[in-house]
$ cat my_file.cif   # mmCIF, C-alpha atoms and all ligand atoms
data_coords
#
loop_
_atom_site.label_atom_id
_atom_site.label_comp_id
_atom_site.auth_asym_id
_atom_site.auth_seq_id
_atom_site.Cartn_x
_atom_site.Cartn_y
_atom_site.Cartn_z
CA MET F 1 121.22 109.85 148.22
CA ASP F 2 122.53 106.99 150.29
CA PHE F 3 124.74 107.59 153.27
CA LYS F 4 128.35 107.20 152.24
CA PRO F 5 130.66 105.90 154.96
CA SER F 6 133.54 107.36 152.97
CA ASP F 7 132.22 110.83 153.75
CA SER F 8 134.15 111.30 156.97
CA GLN F 9 132.11 114.34 157.99
CA LEU F 10 128.94 112.27 158.40
CA THR F 11 128.16 109.62 161.01
CA GLU F 12 124.85 107.81 160.83
CA MET F 13 122.65 108.36 163.89
CA ILE F 14 119.24 106.99 162.77
CA SER F 15 119.13 104.52 159.89
CA GLU F 16 116.55 104.58 157.13
CA ALA F 17 114.99 101.40 158.54
CA ARG F 18 114.60 102.88 162.04
CA LEU F 19 113.14 106.09 160.62
CA GLN F 20 110.59 104.23 158.52
CA ALA F 21 109.58 101.87 161.35
CA ARG F 22 109.03 104.75 163.78
CA ILE F 23 107.12 106.81 161.19
CA LYS F 24 104.77 103.87 160.66
CA GLU F 25 104.08 103.76 164.41
CA MET F 26 103.51 107.51 164.57
CA ALA F 27 101.12 107.40 161.60
CA ARG F 28 99.17 104.60 163.24
CA GLU F 29 98.83 106.56 166.49
CA ILE F 30 97.83 109.78 164.69
CA SER F 31 95.30 107.93 162.51
CA ALA F 32 93.68 106.44 165.62
CA ASP F 33 93.61 109.79 167.44
CA PHE F 34 92.04 111.65 164.49
CA LYS F 35 89.69 108.93 163.27
CA GLY F 36 86.50 110.49 161.92
CA GLU F 37 88.06 113.98 161.75
CA LYS F 38 88.90 115.90 158.57
CA LEU F 39 92.49 116.37 159.69
CA LEU F 40 94.50 119.27 158.29
CA VAL F 41 98.22 118.42 158.19
CA ILE F 42 100.43 121.50 158.00
CA ALA F 43 104.07 120.73 157.27
CA VAL F 44 106.79 123.27 157.96
CA LEU F 45 109.06 123.76 154.95
CA LYS F 46 111.63 122.91 154.04
CA GLY F 47 112.89 120.51 156.69
CA ALA F 48 109.71 118.43 157.09
CA PHE F 49 109.15 117.73 153.38
CA LEU F 50 110.32 114.11 153.36
CA PHE F 51 108.97 113.30 156.82
CA VAL F 52 105.46 114.52 155.99
CA ALA F 53 105.49 112.66 152.66
CA ASP F 54 106.27 109.36 154.40
CA LEU F 55 104.02 110.10 157.40
CA VAL F 56 100.83 110.80 155.42
CA ARG F 57 101.40 107.74 153.21
CA GLU F 58 101.37 105.56 156.32
CA MET F 59 98.13 107.08 157.66
CA ASP F 60 94.86 105.27 157.19
CA ILE F 61 92.82 108.46 157.36
CA ASP F 62 92.48 110.93 154.49
CA PRO F 63 94.06 114.22 155.60
CA GLU F 64 94.16 117.53 153.81
CA ILE F 65 97.76 118.69 153.43
CA ASP F 66 99.16 122.20 153.36
CA PHE F 67 102.52 123.83 153.96
CA LEU F 68 103.95 126.88 155.56
CA ARG F 69 107.44 128.21 155.46
CA ALA F 70 109.11 129.98 158.32
CA THR F 71 112.56 131.49 158.33
CA SER F 72 114.50 132.24 161.45
CA TYR F 73 117.47 134.49 161.42
CA GLY F 74 120.72 133.41 162.96
CA SER F 75 123.85 131.49 162.09
CA GLN F 76 123.72 128.28 160.08
CA THR F 77 123.32 126.10 163.15
CA VAL F 78 121.68 128.35 165.76
CA THR F 79 118.27 130.02 165.66
CA SER F 80 118.14 133.65 166.76
CA GLY F 81 114.49 133.58 167.73
CA ALA F 82 113.42 136.19 165.18
CA VAL F 83 111.04 134.17 163.06
CA GLU F 84 109.21 135.29 159.94
CA ILE F 85 106.48 133.59 157.89
CA ARG F 86 107.70 133.35 154.29
CA LYS F 87 104.73 131.37 153.02
CA ASP F 88 101.53 131.07 154.99
CA VAL F 89 98.93 128.31 155.08
CA GLU F 90 96.49 128.67 152.19
CA VAL F 91 93.41 126.93 153.59
CA PRO F 92 91.30 128.26 156.49
CA VAL F 93 92.43 126.87 159.85
CA THR F 94 89.49 128.14 161.90
CA GLY F 95 87.55 125.32 163.55
CA ARG F 96 89.79 122.61 162.08
CA ALA F 97 91.69 119.75 163.68
CA VAL F 98 95.28 120.66 162.79
CA LEU F 99 98.50 118.66 163.00
CA LEU F 100 101.61 120.82 162.65
CA VAL F 101 104.50 118.72 161.31
CA GLU F 102 108.07 119.81 162.06
CA ASP F 103 111.48 118.29 161.36
CA ILE F 104 113.04 119.09 164.74
CA ILE F 105 112.31 121.00 167.93
CA ASP F 106 115.56 122.58 169.06
CA THR F 107 115.39 125.83 171.06
CA GLY F 108 111.62 125.77 170.50
CA LEU F 109 111.58 129.39 169.33
CA THR F 110 110.33 128.60 165.81
CA LEU F 111 107.59 126.33 167.10
CA LYS F 112 106.48 128.81 169.76
CA PHE F 113 106.12 131.47 167.07
CA LEU F 114 104.22 129.14 164.73
CA LEU F 115 101.86 128.02 167.49
CA ARG F 116 100.99 131.61 168.32
CA HIS F 117 100.47 132.32 164.63
CA LEU F 118 98.16 129.34 164.06
CA LYS F 119 96.26 129.69 167.34
CA ALA F 120 95.28 133.21 166.30
CA ALA F 121 93.14 131.58 163.60
CA GLU F 122 91.34 129.51 166.28
CA PRO F 123 91.67 125.89 165.16
CA LYS F 124 89.47 123.38 167.01
CA VAL F 125 92.51 121.27 167.91
CA LEU F 126 96.20 121.98 167.33
CA LYS F 127 98.69 119.15 167.85
CA ILE F 128 102.41 119.09 167.19
CA CYS F 129 104.27 116.28 165.46
CA SER F 130 108.05 116.43 165.19
CA LEU F 131 110.38 113.79 163.83
CA LEU F 132 113.19 114.83 166.18
CA ASP F 133 113.44 116.55 169.54
CA LYS F 134 116.51 118.02 171.25
CA PRO F 135 115.06 118.85 174.69
CA SER F 136 118.43 119.78 176.19
CA ARG F 137 118.54 122.87 173.94
CA ARG F 138 115.10 124.24 174.81
CA GLN F 139 114.85 127.99 175.52
CA VAL F 140 111.06 128.22 175.67
CA GLU F 141 108.56 125.70 176.93
CA VAL F 142 107.05 123.83 174.01
CA LYS F 143 106.38 120.12 173.71
CA GLY F 144 105.60 117.82 170.82
CA ASP F 145 102.47 115.66 171.06
CA TYR F 146 104.02 113.10 168.71
CA VAL F 147 107.83 112.86 168.72
CA GLY F 148 109.76 110.39 166.60
CA PHE F 149 113.15 110.39 168.30
CA THR F 150 114.58 112.32 171.22
CA ILE F 151 118.24 113.00 170.45
CA GLU F 152 121.24 114.46 172.23
CA ASP F 153 122.65 117.88 171.46
CA LYS F 154 124.31 117.15 168.11
CA PHE F 155 123.77 119.00 164.84
CA VAL F 156 122.12 116.53 162.49
CA VAL F 157 121.45 116.49 158.76
CA GLY F 158 119.62 114.31 156.29
CA TYR F 159 116.05 113.18 155.65
CA GLY F 160 115.01 116.80 155.04
CA LEU F 161 117.36 118.53 157.46
CA ASP F 162 120.15 120.63 156.04
CA PHE F 163 123.37 122.35 156.82
CA ASP F 164 123.61 125.39 154.53
CA GLU F 165 121.06 123.72 152.19
CA ARG F 166 123.13 120.54 151.85
CA TYR F 167 122.39 116.93 152.80
CA ARG F 168 118.56 117.17 152.71
CA ASN F 169 118.38 114.13 150.41
CA LEU F 170 120.21 111.69 152.68
CA ARG F 171 117.99 108.70 153.52
CA SER F 172 119.12 108.58 157.15
CA ILE F 173 119.73 111.10 159.93
CA CYS F 174 123.45 111.76 160.31
CA VAL F 175 125.60 113.76 162.65
CA LEU F 176 127.66 116.39 160.90
CA ALA F 177 131.10 116.66 162.47
CA PRO F 178 132.12 120.22 163.18
CA GLY F 179 134.97 121.70 161.15
P1 LIG Y 201 114.36 126.06 166.87
O1 LIG Y 201 113.60 127.32 166.55
O2 LIG Y 201 115.68 126.35 167.54
O3 LIG Y 201 113.56 125.04 167.62
O4 LIG Y 201 114.85 125.44 165.51
C1 LIG Y 201 113.98 125.10 164.52
C2 LIG Y 201 114.66 124.91 163.20
O5 LIG Y 201 116.08 125.00 163.23
C3 LIG Y 201 114.34 123.52 162.73
O6 LIG Y 201 113.07 123.45 162.13
C4 LIG Y 201 115.48 123.26 161.79
O7 LIG Y 201 115.19 123.76 160.51
C5 LIG Y 201 116.65 124.00 162.39
N1 LIG Y 201 117.49 123.08 163.18
C6 LIG Y 201 117.57 122.97 164.51
N2 LIG Y 201 118.43 122.00 164.89
C7 LIG Y 201 118.90 121.47 163.74
C8 LIG Y 201 119.83 120.40 163.44
O8 LIG Y 201 120.40 119.71 164.31
N3 LIG Y 201 120.04 120.15 162.12
C9 LIG Y 201 119.43 120.85 161.12
N4 LIG Y 201 118.57 121.84 161.35
C10 LIG Y 201 118.30 122.15 162.65
MG MG Y 202 117.82 124.73 158.18
#
$ encode --input "my_file.cif" --output "structure tokens"
Amino acid sequence: MDFKPSDSQLTEMISEARLQARIKEMAREISADFKGEKLLVIAVLKGAFLFVADLVREMDIDPEIDFLRATSYGSQTVTSGAVEIRKDVEVPVTGRAVLLVEDIIDTGLTLKFLLRHLKAAEPKVLKICSLLDKPSRRQVEVKGDYVGFTIEDKFVVGYGLDFDERYRNLRSICVLAPG
């Protein structure tokens, strides 16, 4: 779905062109860093589904791809910190070079939980790749190794990110006006 300027609730923050250009750069950097490795890319559903699809298609290595799904309880815009694995990784992680792909790091609570979960399986390397980062909202200390865009404290939707399961199919990242 294309961004519609007539939709007064949405303001474009990162255009499709900027997203795609940055994703190309990230894929190039990741490909160089993991050259010669059998990289396992683990994308966090649902928010990272479009990002990971574009990211792996820009890589010039041949990664294995898997998914996990985590749900955090809380309101529609704020994470409570209670995170649960709804769907776990299906391939063994032990001894592998793993790249965890997230849509956004906000409070960091989801990521902290997922890192603990994956580290328990003793991967050889575990790196974090997130399209977006809102460092001003951090409650726990976690950091992305590859971050697409650092953004201010605004609730954003589009390109995989939702509000109440809406707007995931927007081609750009948009700010959703409150109200
Ligand atoms: P955290 O646990 O607070 O870091 O939040 C992680 C999850 O909350 C993300 O993976 C998103 O699914 C969701 N989230 C956080 N901020 C936003 C936002 O601005 N828009 C849409 N979803 C968000
Ligand atoms: Mg969500």
$ residues_near_ligand --input "my_file.cif" --ligand "ligand LIG 201 (chain Y)" --cutoff "7 Å" --atoms "all atoms listed in the file" --output "MDAnalysis selection string"
chainID F and resid 47 77:79 81 102:111 154:157 161:163
$ atom_distance --input "my_file.cif" --atom1 "CA of Phe113 in chain F" --atom2 "CA of Ile42 in chain F"
14.6 Å
$ atom_distance --input "my_file.cif" --atom1 "CA of Phe51 in chain F" --atom2 "CA of Thr94 in chain F"
25.0 Å
$ atom_distance --input "my_file.cif" --atom1 "CA of Val175 in chain F" --atom2 "CA of Leu68 in chain F"
26.3 Å
$ closest_residue --input "my_file.cif" --among "F:Val89, F:Leu131, F:Leu99, F:Leu118" --to "Lys24 in chain F" --atoms "all atoms listed in the file"
F:Leu131
$ closest_residue --input "my_file.cif" --among "F:Ala82, F:Ala177, F:Val147, F:Ala48" --to "ligand MG 202 (chain Y)" --atoms "only C-alpha atoms and all ligand atoms"
F:Ala48
$ residues_around --input "my_file.cif" --residues "Asp145 in chain F" --least-positions-apart "6" --cutoff "12 Å" --atoms "only C-alpha atoms" --output "short mmCIF file (atom, residue, chain, number, x, y, z; two decimals) with C-alpha atoms, keeping the file's coordinate frame"
data_model
loop_
_atom_site.label_atom_id
_atom_site.label_comp_id
_atom_site.auth_asym_id
_atom_site.auth_seq_id
_atom_site.Cartn_x
_atom_site.Cartn_y
_atom_site.Cartn_z
CA MET F 26 103.51 107.51 164.57
CA GLU F 29 98.83 106.56 166.49
CA ILE F 30 97.83 109.78 164.69
CA ASP F 33 93.61 109.79 167.44
CA LEU F 99 98.50 118.66 163.00
CA LEU F 100 101.61 120.82 162.65
CA VAL F 101 104.50 118.72 161.31
CA GLU F 102 108.07 119.81 162.06
CA ILE F 105 112.31 121.00 167.93
CA VAL F 125 92.51 121.27 167.91
CA LEU F 126 96.20 121.98 167.33
CA LYS F 127 98.69 119.15 167.85
CA ILE F 128 102.41 119.09 167.19
CA CYS F 129 104.27 116.28 165.46
CA SER F 130 108.05 116.43 165.19
CA LEU F 131 110.38 113.79 163.83
CA LEU F 132 113.19 114.83 166.18
CA ASP F 133 113.44 116.55 169.54
#
$ closest_residue --input "my_file.cif" --among "F:Lys38, F:Ala120, F:Leu55, F:Glu12" --to "Leu170 in chain F" --atoms "only C-alpha atoms"
F:Glu12
$ closest_residue --input "my_file.cif" --among "F:Val83, F:Ala21, F:Ala121, F:Leu114" --to "Ala43 in chain F" --atoms "only C-alpha atoms"
F:Leu114
$ axis_aligned_box --input "my_file.cif" --around "range 140-153 of chain F" --padding-each-side "8 Å" --output "lines of an AutoDock Vina configuration file"
center_x = 112.6
center_y = 119.3
center_z = 171.8
size_x = 36.2
size_y = 33.8
size_z = 26.3
$ closest_residue --input "my_file.cif" --among "F:Gln20, F:Ser72, F:Ser172, F:Ser31" --to "ligand MG 202 (chain Y)" --atoms "all atoms listed in the file"
F:Ser72
$ closest_residue --input "my_file.cif" --among "F:Arg138, F:Lys35, F:Arg166, F:Arg18" --to "ligand MG 202 (chain Y)" --atoms "only C-alpha atoms and all ligand atoms"
F:Arg166
$ residues_near_point --input "my_file.cif" --point "(118.2, 110.9, 170.6)" --cutoff "8 Å" --atoms "all atoms listed in the file" --output "list of chain:residue names"
F:Leu132, F:Asp133, F:Lys134, F:Phe149, F:Thr150, F:Ile151, F:Glu152
$ decode --input "my_file.cif" --residues "range 134-153 of chain F" --atoms "C-alpha atoms" --output "short mmCIF file (atom, residue, chain, number, x, y, z; two decimals), in the first residue's frame"
data_model
loop_
_atom_site.label_atom_id
_atom_site.label_comp_id
_atom_site.auth_asym_id
_atom_site.auth_seq_id
_atom_site.Cartn_x
_atom_site.Cartn_y
_atom_site.Cartn_z
CA LYS F 134 14.55 4.60 19.66
CA PRO F 135 17.38 4.96 22.20
CA SER F 136 15.59 7.63 24.23
CA ARG F 137 13.04 5.01 25.35
CA ARG F 138 15.52 2.39 26.55
CA GLN F 139 14.80 0.72 29.92
CA VAL F 140 17.49 -1.96 29.74
CA GLU F 141 20.92 -1.80 28.19
CA VAL F 142 20.87 -3.44 24.78
CA LYS F 143 22.46 -2.23 21.58
CA GLY F 144 22.06 -3.13 17.93
CA ASP F 145 25.18 -4.13 15.99
CA TYR F 146 23.56 -2.99 12.74
CA VAL F 147 20.95 -0.22 13.02
CA GLY F 148 19.17 1.26 10.02
CA PHE F 149 17.82 4.51 11.44
CA THR F 150 17.91 6.07 14.88
CA ILE F 151 14.62 7.88 15.40
CA GLU F 152 13.07 10.17 17.98
CA ASP F 153 10.39 9.07 20.41
#
